[in-house]
file structure-v5.pdb (PDB, C-alpha atoms and all ligand atoms)
MODEL        1
ATOM      1  CA  MET A  10     -12.551  17.449 -19.789  1.00  0.00           C
ATOM      2  CA  ASP A  11     -12.630  16.711 -16.037  1.00  0.00           C
ATOM      3  CA  ASP A  12     -10.308  18.487 -13.620  1.00  0.00           C
ATOM      4  CA  PRO A  13      -7.548  15.969 -12.761  1.00  0.00           C
ATOM      5  CA  VAL A  14      -6.775  17.648  -9.428  1.00  0.00           C
ATOM      6  CA  LYS A  15      -9.398  16.733  -6.846  1.00  0.00           C
ATOM      7  CA  ARG A  16      -9.793  17.896  -3.220  1.00  0.00           C
ATOM      8  CA  HIS A  17      -9.163  21.536  -3.966  1.00  0.00           C
ATOM      9  CA  PRO A  18     -12.433  23.380  -3.434  1.00  0.00           C
ATOM     10  CA  THR A  19     -11.430  26.791  -4.781  1.00  0.00           C
ATOM     11  CA  ARG A  20      -9.386  25.625  -7.775  1.00  0.00           C
ATOM     12  CA  THR A  21     -12.357  25.704 -10.178  1.00  0.00           C
ATOM     13  CA  GLU A  22     -13.044  29.374  -9.513  1.00  0.00           C
ATOM     14  CA  GLN A  23      -9.386  30.381  -9.492  1.00  0.00           C
ATOM     15  CA  LEU A  24      -8.558  28.510 -12.695  1.00  0.00           C
ATOM     16  CA  ASP A  25     -11.556  30.098 -14.357  1.00  0.00           C
ATOM     17  CA  ILE A  26     -10.147  33.475 -13.283  1.00  0.00           C
ATOM     18  CA  LEU A  27      -6.691  32.519 -14.612  1.00  0.00           C
ATOM     19  CA  ALA A  28      -8.108  31.290 -17.936  1.00  0.00           C
ATOM     20  CA  THR A  29     -10.285  34.400 -18.256  1.00  0.00           C
ATOM     21  CA  LEU A  30      -7.342  36.730 -17.579  1.00  0.00           C
ATOM     22  CA  VAL A  31      -5.206  34.962 -20.179  1.00  0.00           C
ATOM     23  CA  SER A  32      -7.975  34.904 -22.762  1.00  0.00           C
ATOM     24  CA  GLU A  33      -8.793  38.597 -22.210  1.00  0.00           C
ATOM     25  CA  THR A  34      -5.237  39.889 -22.060  1.00  0.00           C
ATOM     26  CA  VAL A  35      -3.992  38.289 -25.282  1.00  0.00           C
ATOM     27  CA  GLN A  36      -5.344  40.263 -28.207  1.00  0.00           C
ATOM     28  CA  GLY A  37      -5.758  38.556 -31.595  1.00  0.00           C
ATOM     29  CA  ASP A  38      -3.972  35.278 -32.072  1.00  0.00           C
ATOM     30  CA  GLY A  39      -0.929  34.581 -29.991  1.00  0.00           C
ATOM     31  CA  THR A  40       1.122  31.900 -28.322  1.00  0.00           C
ATOM     32  CA  ILE A  41       1.083  31.298 -24.598  1.00  0.00           C
ATOM     33  CA  LEU A  42       3.403  29.257 -22.434  1.00  0.00           C
ATOM     34  CA  ASP A  43       2.092  26.873 -19.748  1.00  0.00           C
ATOM     35  CA  LEU A  44       4.864  25.842 -17.329  1.00  0.00           C
ATOM     36  CA  GLY A  45       3.925  22.556 -15.652  1.00  0.00           C
ATOM     37  CA  CYS A  46       0.954  21.889 -17.932  1.00  0.00           C
ATOM     38  CA  GLY A  47       0.172  18.394 -16.593  1.00  0.00           C
ATOM     39  CA  VAL A  48      -2.607  16.767 -18.612  1.00  0.00           C
ATOM     40  CA  GLY A  49      -3.546  20.078 -20.214  1.00  0.00           C
ATOM     41  CA  TYR A  50      -6.520  21.021 -18.058  1.00  0.00           C
ATOM     42  CA  VAL A  51      -5.719  24.741 -17.843  1.00  0.00           C
ATOM     43  CA  ALA A  52      -4.796  24.916 -21.538  1.00  0.00           C
ATOM     44  CA  HIS A  53      -8.165  23.314 -22.254  1.00  0.00           C
ATOM     45  CA  LEU A  54      -9.982  25.976 -20.191  1.00  0.00           C
ATOM     46  CA  ILE A  55      -8.217  28.733 -22.144  1.00  0.00           C
ATOM     47  CA  LEU A  56      -8.753  27.184 -25.572  1.00  0.00           C
ATOM     48  CA  GLU A  57     -12.439  26.721 -24.749  1.00  0.00           C
ATOM     49  CA  LYS A  58     -12.643  30.492 -24.307  1.00  0.00           C
ATOM     50  CA  ARG A  59     -10.367  31.486 -27.202  1.00  0.00           C
ATOM     51  CA  ASP A  60      -9.855  29.009 -29.991  1.00  0.00           C
ATOM     52  CA  ASN A  61      -7.513  31.302 -31.953  1.00  0.00           C
ATOM     53  CA  LEU A  62      -4.744  31.055 -29.346  1.00  0.00           C
ATOM     54  CA  SER A  63      -1.885  28.570 -29.296  1.00  0.00           C
ATOM     55  CA  ILE A  64      -0.436  27.064 -26.143  1.00  0.00           C
ATOM     56  CA  ILE A  65       2.941  25.463 -25.557  1.00  0.00           C
ATOM     57  CA  GLY A  66       2.848  23.207 -22.512  1.00  0.00           C
ATOM     58  CA  VAL A  67       6.006  22.135 -20.705  1.00  0.00           C
ATOM     59  CA  ASP A  68       6.132  19.297 -18.189  1.00  0.00           C
ATOM     60  CA  ARG A  69       8.662  16.709 -17.062  1.00  0.00           C
ATOM     61  CA  ASN A  70       6.087  13.930 -16.927  1.00  0.00           C
ATOM     62  CA  ALA A  71       5.953  12.193 -20.327  1.00  0.00           C
ATOM     63  CA  ASN A  72       2.742  10.322 -19.443  1.00  0.00           C
ATOM     64  CA  ALA A  73       0.995  13.542 -18.457  1.00  0.00           C
ATOM     65  CA  LEU A  74       2.109  15.142 -21.731  1.00  0.00           C
ATOM     66  CA  GLN A  75       0.781  12.209 -23.751  1.00  0.00           C
ATOM     67  CA  GLN A  76      -2.515  12.529 -21.893  1.00  0.00           C
ATOM     68  CA  ALA A  77      -2.477  16.278 -22.617  1.00  0.00           C
ATOM     69  CA  ARG A  78      -2.028  15.613 -26.351  1.00  0.00           C
ATOM     70  CA  GLU A  79      -5.023  13.263 -26.237  1.00  0.00           C
ATOM     71  CA  ASN A  80      -7.139  15.634 -24.153  1.00  0.00           C
ATOM     72  CA  LEU A  81      -6.400  18.504 -26.527  1.00  0.00           C
ATOM     73  CA  ALA A  82      -6.652  16.477 -29.735  1.00  0.00           C
ATOM     74  CA  GLY A  83      -9.557  18.701 -30.773  1.00  0.00           C
ATOM     75  CA  TYR A  84      -7.144  21.658 -30.774  1.00  0.00           C
ATOM     76  CA  LYS A  85      -4.360  19.741 -32.491  1.00  0.00           C
ATOM     77  CA  SER A  86      -2.543  22.587 -34.258  1.00  0.00           C
ATOM     78  CA  GLN A  87      -2.898  24.871 -31.212  1.00  0.00           C
ATOM     79  CA  PHE A  88      -1.226  22.767 -28.557  1.00  0.00           C
ATOM     80  CA  LEU A  89       2.430  21.763 -28.500  1.00  0.00           C
ATOM     81  CA  ALA A  90       3.709  19.579 -25.648  1.00  0.00           C
ATOM     82  CA  ILE A  91       7.380  19.816 -24.700  1.00  0.00           C
ATOM     83  CA  GLU A  92       9.000  17.420 -22.242  1.00  0.00           C
ATOM     84  CA  GLY A  93      11.431  19.228 -19.973  1.00  0.00           C
ATOM     85  CA  ASP A  94      12.472  19.866 -16.395  1.00  0.00           C
ATOM     86  CA  LEU A  95      11.702  23.351 -15.092  1.00  0.00           C
ATOM     87  CA  GLU A  96      14.607  22.948 -12.670  1.00  0.00           C
ATOM     88  CA  ASN A  97      16.773  23.351 -15.757  1.00  0.00           C
ATOM     89  CA  ILE A  98      14.485  25.496 -17.848  1.00  0.00           C
ATOM     90  CA  ALA A  99      17.331  26.814 -19.990  1.00  0.00           C
ATOM     91  CA  ALA A 100      17.748  23.285 -21.372  1.00  0.00           C
ATOM     92  CA  CYS A 101      14.063  22.910 -22.257  1.00  0.00           C
ATOM     93  CA  LYS A 102      13.570  23.315 -25.983  1.00  0.00           C
ATOM     94  CA  ILE A 103      11.012  26.094 -25.671  1.00  0.00           C
ATOM     95  CA  PRO A 104      10.610  28.299 -28.759  1.00  0.00           C
ATOM     96  CA  GLU A 105      12.143  31.713 -28.069  1.00  0.00           C
ATOM     97  CA  GLN A 106       9.372  33.926 -29.382  1.00  0.00           C
ATOM     98  CA  PRO A 107       8.184  36.795 -27.170  1.00  0.00           C
ATOM     99  CA  TYR A 108       5.095  35.574 -25.327  1.00  0.00           C
ATOM    100  CA  ARG A 109       2.105  37.736 -24.490  1.00  0.00           C
ATOM    101  CA  ALA A 110       1.311  35.516 -21.499  1.00  0.00           C
ATOM    102  CA  ILE A 111       3.135  32.844 -19.533  1.00  0.00           C
ATOM    103  CA  TYR A 112       1.389  31.025 -16.702  1.00  0.00           C
ATOM    104  CA  THR A 113       2.036  28.255 -14.246  1.00  0.00           C
ATOM    105  CA  ALA A 114      -0.589  26.498 -12.131  1.00  0.00           C
ATOM    106  CA  LEU A 115       0.053  24.492  -8.952  1.00  0.00           C
ATOM    107  CA  THR A 116       3.576  23.597 -10.017  1.00  0.00           C
ATOM    108  CA  PHE A 117       5.876  26.030  -8.215  1.00  0.00           C
ATOM    109  CA  HIS A 118       5.506  24.251  -4.852  1.00  0.00           C
ATOM    110  CA  ASP A 119       7.332  21.305  -6.475  1.00  0.00           C
ATOM    111  CA  LEU A 120      10.388  23.423  -7.280  1.00  0.00           C
ATOM    112  CA  PRO A 121      13.290  24.387  -5.015  1.00  0.00           C
ATOM    113  CA  ASP A 122      13.444  28.129  -4.396  1.00  0.00           C
ATOM    114  CA  ALA A 123      16.472  28.602  -6.684  1.00  0.00           C
ATOM    115  CA  ALA A 124      14.527  26.981  -9.539  1.00  0.00           C
ATOM    116  CA  LYS A 125      11.453  29.110  -8.771  1.00  0.00           C
ATOM    117  CA  ARG A 126      13.615  32.202  -9.171  1.00  0.00           C
ATOM    118  CA  HIS A 127      15.191  30.916 -12.415  1.00  0.00           C
ATOM    119  CA  VAL A 128      11.768  30.185 -13.867  1.00  0.00           C
ATOM    120  CA  ILE A 129      10.511  33.663 -12.934  1.00  0.00           C
ATOM    121  CA  ASP A 130      13.655  35.186 -14.506  1.00  0.00           C
ATOM    122  CA  TYR A 131      13.154  33.021 -17.573  1.00  0.00           C
ATOM    123  CA  ALA A 132       9.493  34.020 -17.898  1.00  0.00           C
ATOM    124  CA  ALA A 133      10.369  37.704 -17.585  1.00  0.00           C
ATOM    125  CA  SER A 134      13.010  37.341 -20.287  1.00  0.00           C
ATOM    126  CA  ARG A 135      10.596  35.603 -22.683  1.00  0.00           C
ATOM    127  CA  LEU A 136       7.661  37.995 -22.301  1.00  0.00           C
ATOM    128  CA  GLY A 137       6.965  40.614 -24.938  1.00  0.00           C
ATOM    129  CA  PRO A 138       6.744  44.291 -23.884  1.00  0.00           C
ATOM    130  CA  ASP A 139       3.064  44.011 -22.846  1.00  0.00           C
ATOM    131  CA  GLY A 140       3.444  40.490 -21.558  1.00  0.00           C
ATOM    132  CA  VAL A 141       2.149  39.143 -18.268  1.00  0.00           C
ATOM    133  CA  PHE A 142       3.300  36.292 -16.081  1.00  0.00           C
ATOM    134  CA  LEU A 143       0.608  34.587 -13.999  1.00  0.00           C
ATOM    135  CA  LEU A 144       1.613  32.338 -11.144  1.00  0.00           C
ATOM    136  CA  TYR A 145      -1.035  30.312  -9.337  1.00  0.00           C
ATOM    137  CA  ASP A 146       0.080  28.247  -6.359  1.00  0.00           C
ATOM    138  CA  ARG A 147      -0.080  27.686  -2.638  1.00  0.00           C
ATOM    139  CA  ILE A 148       1.889  30.193  -0.624  1.00  0.00           C
ATOM    140  CA  ARG A 149       3.900  29.279   2.446  1.00  0.00           C
ATOM    141  CA  LEU A 150       2.512  30.239   5.857  1.00  0.00           C
ATOM    142  CA  ASP A 151       5.205  31.429   8.215  1.00  0.00           C
ATOM    143  CA  ALA A 152       3.433  33.351  10.960  1.00  0.00           C
ATOM    144  CA  ALA A 153       2.776  30.879  13.774  1.00  0.00           C
ATOM    145  CA  PRO A 154       0.639  33.309  15.831  1.00  0.00           C
ATOM    146  CA  LEU A 155      -1.708  33.783  12.860  1.00  0.00           C
ATOM    147  CA  PHE A 156      -2.065  30.081  12.073  1.00  0.00           C
ATOM    148  CA  PRO A 157      -5.342  29.718  14.043  1.00  0.00           C
ATOM    149  CA  LEU A 158      -6.809  32.525  11.926  1.00  0.00           C
ATOM    150  CA  GLN A 159      -5.706  30.688   8.765  1.00  0.00           C
ATOM    151  CA  GLN A 160      -7.412  27.567  10.124  1.00  0.00           C
ATOM    152  CA  SER A 161     -10.609  29.613  10.553  1.00  0.00           C
ATOM    153  CA  ILE A 162     -10.358  30.697   6.923  1.00  0.00           C
ATOM    154  CA  TRP A 163      -9.909  27.055   5.849  1.00  0.00           C
ATOM    155  CA  SER A 164     -12.928  26.046   7.964  1.00  0.00           C
ATOM    156  CA  ARG A 165     -15.014  28.742   6.363  1.00  0.00           C
ATOM    157  CA  ILE A 166     -13.968  27.608   2.867  1.00  0.00           C
ATOM    158  CA  GLU A 167     -14.953  24.061   3.808  1.00  0.00           C
ATOM    159  CA  LEU A 168     -18.313  25.313   5.073  1.00  0.00           C
ATOM    160  CA  VAL A 169     -18.987  27.298   1.899  1.00  0.00           C
ATOM    161  CA  HIS A 170     -17.613  24.810  -0.645  1.00  0.00           C
ATOM    162  CA  GLY A 171     -18.335  21.536   1.155  1.00  0.00           C
ATOM    163  CA  THR A 172     -14.750  20.272   0.744  1.00  0.00           C
ATOM    164  CA  ALA A 173     -11.665  20.890   2.835  1.00  0.00           C
ATOM    165  CA  MET A 174      -8.523  22.567   1.578  1.00  0.00           C
ATOM    166  CA  ARG A 175      -5.107  21.087   2.295  1.00  0.00           C
ATOM    167  CA  THR A 176      -4.941  21.934   5.980  1.00  0.00           C
ATOM    168  CA  ALA A 177      -3.160  21.071   9.235  1.00  0.00           C
ATOM    169  CA  ASP A 178      -4.110  20.614  12.892  1.00  0.00           C
ATOM    170  CA  SER A 179      -1.335  22.863  14.162  1.00  0.00           C
ATOM    171  CA  PHE A 180       1.427  25.099  12.880  1.00  0.00           C
ATOM    172  CA  GLU A 181       3.937  22.390  13.819  1.00  0.00           C
ATOM    173  CA  SER A 182       2.148  19.757  11.730  1.00  0.00           C
ATOM    174  CA  TYR A 183       1.870  22.273   8.874  1.00  0.00           C
ATOM    175  CA  LEU A 184       5.653  22.636   8.963  1.00  0.00           C
ATOM    176  CA  GLU A 185       6.138  18.865   9.173  1.00  0.00           C
ATOM    177  CA  ASP A 186       4.061  18.415   6.015  1.00  0.00           C
ATOM    178  CA  LEU A 187       6.436  20.616   4.023  1.00  0.00           C
ATOM    179  CA  GLY A 188       8.867  18.616   1.901  1.00  0.00           C
ATOM    180  CA  THR A 189      10.217  18.171  -1.605  1.00  0.00           C
ATOM    181  CA  ASP A 190       6.794  17.896  -3.204  1.00  0.00           C
ATOM    182  CA  ASN A 191       5.346  20.633  -1.007  1.00  0.00           C
ATOM    183  CA  ARG A 192       7.683  23.582  -0.671  1.00  0.00           C
ATOM    184  CA  PRO A 193       5.632  26.676  -1.467  1.00  0.00           C
ATOM    185  CA  ALA A 194       7.316  30.066  -1.318  1.00  0.00           C
ATOM    186  CA  ARG A 195       6.101  32.885   0.898  1.00  0.00           C
ATOM    187  CA  LEU A 196       4.085  35.705  -0.640  1.00  0.00           C
ATOM    188  CA  THR A 197       6.879  38.064   0.422  1.00  0.00           C
ATOM    189  CA  ASP A 198       9.386  35.920  -1.528  1.00  0.00           C
ATOM    190  CA  TYR A 199       7.388  36.334  -4.716  1.00  0.00           C
ATOM    191  CA  LEU A 200       6.935  40.043  -4.070  1.00  0.00           C
ATOM    192  CA  SER A 201      10.722  40.419  -4.000  1.00  0.00           C
ATOM    193  CA  TRP A 202      11.623  37.861  -6.729  1.00  0.00           C
ATOM    194  CA  PHE A 203       9.280  39.383  -9.329  1.00  0.00           C
ATOM    195  CA  PRO A 204      10.877  42.896  -9.230  1.00  0.00           C
ATOM    196  CA  GLU A 205      14.347  41.315  -9.225  1.00  0.00           C
ATOM    197  CA  ALA A 206      13.327  39.642 -12.498  1.00  0.00           C
ATOM    198  CA  GLY A 207      11.983  42.928 -13.911  1.00  0.00           C
ATOM    199  CA  LEU A 208       8.304  42.258 -13.204  1.00  0.00           C
ATOM    200  CA  VAL A 209       5.896  44.469 -11.269  1.00  0.00           C
ATOM    201  CA  PRO A 210       3.984  42.042  -9.035  1.00  0.00           C
ATOM    202  CA  GLN A 211       0.399  42.164  -7.900  1.00  0.00           C
ATOM    203  CA  LEU A 212      -1.613  39.749  -5.816  1.00  0.00           C
ATOM    204  CA  LEU A 213      -4.667  39.291  -8.048  1.00  0.00           C
ATOM    205  CA  HIS A 214      -6.655  36.695  -6.140  1.00  0.00           C
ATOM    206  CA  LEU A 215      -6.402  34.738  -2.935  1.00  0.00           C
ATOM    207  CA  HIS A 216      -8.497  31.866  -1.569  1.00  0.00           C
ATOM    208  CA  GLY A 217      -7.171  30.571   1.740  1.00  0.00           C
ATOM    209  CA  ASN A 218      -3.454  30.319   1.051  1.00  0.00           C
ATOM    210  CA  VAL A 219      -3.742  29.689  -2.694  1.00  0.00           C
ATOM    211  CA  ALA A 220      -2.711  32.768  -4.621  1.00  0.00           C
ATOM    212  CA  LEU A 221      -2.860  34.061  -8.157  1.00  0.00           C
ATOM    213  CA  ILE A 222      -0.025  36.546  -8.613  1.00  0.00           C
ATOM    214  CA  GLY A 223       0.450  38.626 -11.733  1.00  0.00           C
ATOM    215  CA  GLY A 224       3.680  40.141 -12.994  1.00  0.00           C
ATOM    216  CA  ALA A 225       3.991  42.756 -15.724  1.00  0.00           C
ATOM    217  CA  LYS A 226       7.169  43.779 -17.508  1.00  0.00           C
ATOM    218  CA  THR A 227       8.591  47.035 -16.194  1.00  0.00           C
TER
HETATM  219  C1  LIG B 301      -0.428  19.488  -9.596  1.00  0.00           C
HETATM  220  S1  LIG B 301       0.130  19.285 -11.247  1.00  0.00           S
HETATM  221  C2  LIG B 301      -0.663  20.694 -12.007  1.00  0.00           C
HETATM  222  C3  LIG B 301      -0.865  20.492 -13.478  1.00  0.00           C
HETATM  223  C4  LIG B 301      -1.621  21.630 -14.197  1.00  0.00           C
HETATM  224  N1  LIG B 301      -0.870  22.868 -14.148  1.00  0.00           N
HETATM  225  C5  LIG B 301      -2.966  21.824 -13.575  1.00  0.00           C
HETATM  226  O1  LIG B 301      -3.143  22.777 -12.811  1.00  0.00           O
HETATM  227  O2  LIG B 301      -3.874  21.016 -13.869  1.00  0.00           O
HETATM  228  C6  LIG B 301       1.838  19.796 -11.206  1.00  0.00           C
HETATM  229  C7  LIG B 301       2.549  19.512 -12.528  1.00  0.00           C
HETATM  230  O3  LIG B 301       3.854  20.095 -12.471  1.00  0.00           O
HETATM  231  C8  LIG B 301       4.752  19.194 -13.089  1.00  0.00           C
HETATM  232  N2  LIG B 301       6.106  19.459 -12.565  1.00  0.00           N
HETATM  233  C9  LIG B 301       6.510  19.443 -11.275  1.00  0.00           C
HETATM  234  N3  LIG B 301       7.810  19.709 -11.182  1.00  0.00           N
HETATM  235  C10 LIG B 301       8.248  19.899 -12.454  1.00  0.00           C
HETATM  236  C11 LIG B 301       9.506  20.196 -13.025  1.00  0.00           C
HETATM  237  N4  LIG B 301      10.599  20.333 -12.261  1.00  0.00           N
HETATM  238  N5  LIG B 301       9.596  20.342 -14.352  1.00  0.00           N
HETATM  239  C12 LIG B 301       8.504  20.184 -15.152  1.00  0.00           C
HETATM  240  N6  LIG B 301       7.281  19.886 -14.670  1.00  0.00           N
HETATM  241  C13 LIG B 301       7.158  19.750 -13.340  1.00  0.00           C
HETATM  242  C14 LIG B 301       4.248  17.827 -12.693  1.00  0.00           C
HETATM  243  O4  LIG B 301       4.746  16.826 -13.558  1.00  0.00           O
HETATM  244  C15 LIG B 301       2.751  18.039 -12.810  1.00  0.00           C
HETATM  245  O5  LIG B 301       2.273  17.724 -14.106  1.00  0.00           O
ENDMDL
END

call {"tool": "encode", "arguments": {"input": "structure-v5.pdb", "output": "structure tokens", "more": "lines below"}}
Ligand SMILES: C[S@@+](CC[C@H](N)C(=O)[O-])C[C@H]1O[C@@H](n2cnc3c(N)ncnc32)[C@H](O)[C@@H]1O
result
Amino acid sequence: MDDPVKRHPTRTEQLDILATLVSETVQGDGTILDLGCGVGYVAHLILEKRDNLSIIGVDRNANALQQARENLAGYKSQFLAIEGDLENIAACKIPEQPYRAIYTALTFHDLPDAAKRHVIDYAASRLGPDGVFLLYDRIRLDAAPLFPLQQSIWSRIELVHGTAMRTADSFESYLEDLGTDNRPARLTDYLSWFPEAGLVPQLLHLHGNVALIGGAKT
């Protein structure tokens, strides 16, 4: 299955890390929740590594979910697609079982901050005692004086990977590009929201400003 998200040079490595962490952390068979599953690309990476796991994918886009069902047809009994809006996650008909792992990839920047916090709270409440929450997304840059250094990091990534990350010519144009489909939270927001939800947070991996953050139940 091809990655549906193009123009993101470090996504391949980071999703491989995410899929590896999920596949290694869930012992035996188990069910995992994918919040914002899209066409099922991340679920596919995990099921390729561990075909005794089951994944429930939630997304608001019915077409993406249909595509996910087709893409994961080879894992028919192990993938369940649920249509629902994460901005009202309590109304999504997600089975209540305790989950060993819940992850979300490149979806949180679409959510308002209040919804981000609700989803983190929800994930914490649905994890089993050894459960982990893995959040992979862009993080918001808010230090104008450091923006040129961030640009240098982006340039280096482009040099190494041959493709540019989502970037900006100036801090002002970075801010102008923020909007309803691009409203990432700051790393410091996540580091305070996770403990408020009962999760110990840790920054597990960072490429440019795209972070993989883990949360464990306290
Ligand atoms: C960039 S795609 C990432 C898909 C997948 N996680 C991946 O990495 O390949 C973001 C996904 O989040 C979904 N999404 C965004 N906001 C959502 C919301 N409020 N509720 C449910 N899904 C949402 C979109 O429909 C889309 O499928």

call {"tool": "atom_distance", "arguments": {"input": "structure-v5.pdb", "atom1": "CA of Gly45 in chain A", "atom2": "CA of Leu27 in chain A"}}
result
14.6 Å

call {"tool": "atom_distance", "arguments": {"input": "structure-v5.pdb", "atom1": "atom N3 of ligand LIG 301 (chain B)", "atom2": "CA of Ile65 in chain A"}}
result
16.2 Å

call {"tool": "resolve_selection", "arguments": {"input": "structure-v5.pdb", "expression": "the PyMOL selection byres (((not hetatm)) within 8 of (chain B and resi 301))", "output": "PyMOL selection string"}}
result
chain A and resi 12-14+24+43-51+67-70+73+92-98+113-117+119-120

call {"tool": "write_last_selection", "arguments": {"input": "structure-v5.pdb", "atoms": "C-alpha atoms", "output": "tab-separated table (two decimals), in the coordinates of the input"}}
result
chain	number	residue	atom	x	y	z
A	12	ASP	CA	-10.31	18.49	-13.62
A	13	PRO	CA	-7.55	15.97	-12.76
A	14	VAL	CA	-6.78	17.65	-9.43
A	24	LEU	CA	-8.56	28.51	-12.70
A	43	ASP	CA	2.09	26.87	-19.75
A	44	LEU	CA	4.86	25.84	-17.33
A	45	GLY	CA	3.92	22.56	-15.65
A	46	CYS	CA	0.95	21.89	-17.93
A	47	GLY	CA	0.17	18.39	-16.59
A	48	VAL	CA	-2.61	16.77	-18.61
A	49	GLY	CA	-3.55	20.08	-20.21
A	50	TYR	CA	-6.52	21.02	-18.06
A	51	VAL	CA	-5.72	24.74	-17.84
A	67	VAL	CA	6.01	22.14	-20.70
A	68	ASP	CA	6.13	19.30	-18.19
A	69	ARG	CA	8.66	16.71	-17.06
A	70	ASN	CA	6.09	13.93	-16.93
A	73	ALA	CA	1.00	13.54	-18.46
A	92	GLU	CA	9.00	17.42	-22.24
A	93	GLY	CA	11.43	19.23	-19.97
A	94	ASP	CA	12.47	19.87	-16.40
A	95	LEU	CA	11.70	23.35	-15.09
A	96	GLU	CA	14.61	22.95	-12.67
A	97	ASN	CA	16.77	23.35	-15.76
A	98	ILE	CA	14.48	25.50	-17.85
A	113	THR	CA	2.04	28.26	-14.25
A	114	ALA	CA	-0.59	26.50	-12.13
A	115	LEU	CA	0.05	24.49	-8.95
A	116	THR	CA	3.58	23.60	-10.02
A	117	PHE	CA	5.88	26.03	-8.22
A	119	ASP	CA	7.33	21.30	-6.48
A	120	LEU	CA	10.39	23.42	-7.28

call {"tool": "closest_residue", "arguments": {"input": "structure-v5.pdb", "among": "A:Gly188, A:Gly217, A:Gly140, A:Pro193", "to": "Gln159 in chain A", "atoms": "all atoms listed in the file"}}
result
A:Gly217

call {"tool": "atom_distance", "arguments": {"input": "structure-v5.pdb", "atom1": "CA of Arg126 in chain A", "atom2": "CA of Tyr145 in chain A"}}
result
14.8 Å

call {"tool": "resolve_selection", "arguments": {"input": "structure-v5.pdb", "expression": "the PyMOL selection byres (((chain A and resi 218-221) around 7) and not hetatm)", "output": "list of chain:residue names"}}
result
A:Leu143, A:Leu144, A:Tyr145, A:Asp146, A:Arg147, A:Ile148, A:Leu212, A:Leu213, A:His214, A:Leu215, A:His216, A:Gly217, A:Ile222, A:Gly223

call {"tool": "resolve_selection", "arguments": {"input": "structure-v5.pdb", "expression": "the PyMOL selection byres (((chain A and resi 183) around 12) and not hetatm)", "output": "PyMOL selection string"}}
result
chain A and resi 149-153+156-157+159-160+175-182+184-188+191-193

call {"tool": "closest_residue", "arguments": {"input": "structure-v5.pdb", "among": "A:Thr197, A:Ser164, A:Gln211, A:Gln76", "to": "Gly224 in chain A", "atoms": "all atoms listed in the file"}}
result
A:Gln211

call {"tool": "closest_residue", "arguments": {"input": "structure-v5.pdb", "among": "A:Leu136, A:Leu168, A:Leu30, A:Ala52", "to": "Gln106 in chain A", "atoms": "all atoms listed in the file"}}
result
A:Leu136

call {"tool": "residues_around", "arguments": {"input": "structure-v5.pdb", "residues": "Phe88 in chain A", "least_positions_apart": "4", "cutoff": "12 Å", "atoms": "all atoms listed in the file", "output": "PDB file with C-alpha atoms, in the coordinates of the input"}}
result
ATOM      1  CA  GLY A  39      -0.929  34.581 -29.991  1.00  0.00           C
ATOM      2  CA  THR A  40       1.122  31.900 -28.322  1.00  0.00           C
ATOM      3  CA  ILE A  41       1.083  31.298 -24.598  1.00  0.00           C
ATOM      4  CA  LEU A  42       3.403  29.257 -22.434  1.00  0.00           C
ATOM      5  CA  ASP A  43       2.092  26.873 -19.748  1.00  0.00           C
ATOM      6  CA  CYS A  46       0.954  21.889 -17.932  1.00  0.00           C
ATOM      7  CA  VAL A  48      -2.607  16.767 -18.612  1.00  0.00           C
ATOM      8  CA  GLY A  49      -3.546  20.078 -20.214  1.00  0.00           C
ATOM      9  CA  TYR A  50      -6.520  21.021 -18.058  1.00  0.00           C
ATOM     10  CA  VAL A  51      -5.719  24.741 -17.843  1.00  0.00           C
ATOM     11  CA  ALA A  52      -4.796  24.916 -21.538  1.00  0.00           C
ATOM     12  CA  HIS A  53      -8.165  23.314 -22.254  1.00  0.00           C
ATOM     13  CA  ILE A  55      -8.217  28.733 -22.144  1.00  0.00           C
ATOM     14  CA  LEU A  56      -8.753  27.184 -25.572  1.00  0.00           C
ATOM     15  CA  ASP A  60      -9.855  29.009 -29.991  1.00  0.00           C
ATOM     16  CA  ASN A  61      -7.513  31.302 -31.953  1.00  0.00           C
ATOM     17  CA  LEU A  62      -4.744  31.055 -29.346  1.00  0.00           C
ATOM     18  CA  SER A  63      -1.885  28.570 -29.296  1.00  0.00           C
ATOM     19  CA  ILE A  64      -0.436  27.064 -26.143  1.00  0.00           C
ATOM     20  CA  ILE A  65       2.941  25.463 -25.557  1.00  0.00           C
ATOM     21  CA  GLY A  66       2.848  23.207 -22.512  1.00  0.00           C
ATOM     22  CA  VAL A  67       6.006  22.135 -20.705  1.00  0.00           C
ATOM     23  CA  LEU A  74       2.109  15.142 -21.731  1.00  0.00           C
ATOM     24  CA  GLN A  75       0.781  12.209 -23.751  1.00  0.00           C
ATOM     25  CA  ALA A  77      -2.477  16.278 -22.617  1.00  0.00           C
ATOM     26  CA  ARG A  78      -2.028  15.613 -26.351  1.00  0.00           C
ATOM     27  CA  GLU A  79      -5.023  13.263 -26.237  1.00  0.00           C
ATOM     28  CA  ASN A  80      -7.139  15.634 -24.153  1.00  0.00           C
ATOM     29  CA  LEU A  81      -6.400  18.504 -26.527  1.00  0.00           C
ATOM     30  CA  ALA A  82      -6.652  16.477 -29.735  1.00  0.00           C
ATOM     31  CA  GLY A  83      -9.557  18.701 -30.773  1.00  0.00           C
ATOM     32  CA  TYR A  84      -7.144  21.658 -30.774  1.00  0.00           C
TER      33      TYR A  84
END

call {"tool": "closest_residue", "arguments": {"input": "structure-v5.pdb", "among": "A:Ala206, A:Leu200, A:Ala173, A:Ile111", "to": "Asp130 in chain A", "atoms": "only C-alpha atoms"}}
result
A:Ala206

call {"tool": "residues_around", "arguments": {"input": "structure-v5.pdb", "residues": "Glu205 in chain A", "least_positions_apart": "2", "cutoff": "10 Å", "atoms": "all atoms listed in the file", "output": "ChimeraX atom specification"}}
result
/A:126,129-130,133,199-203,207-209
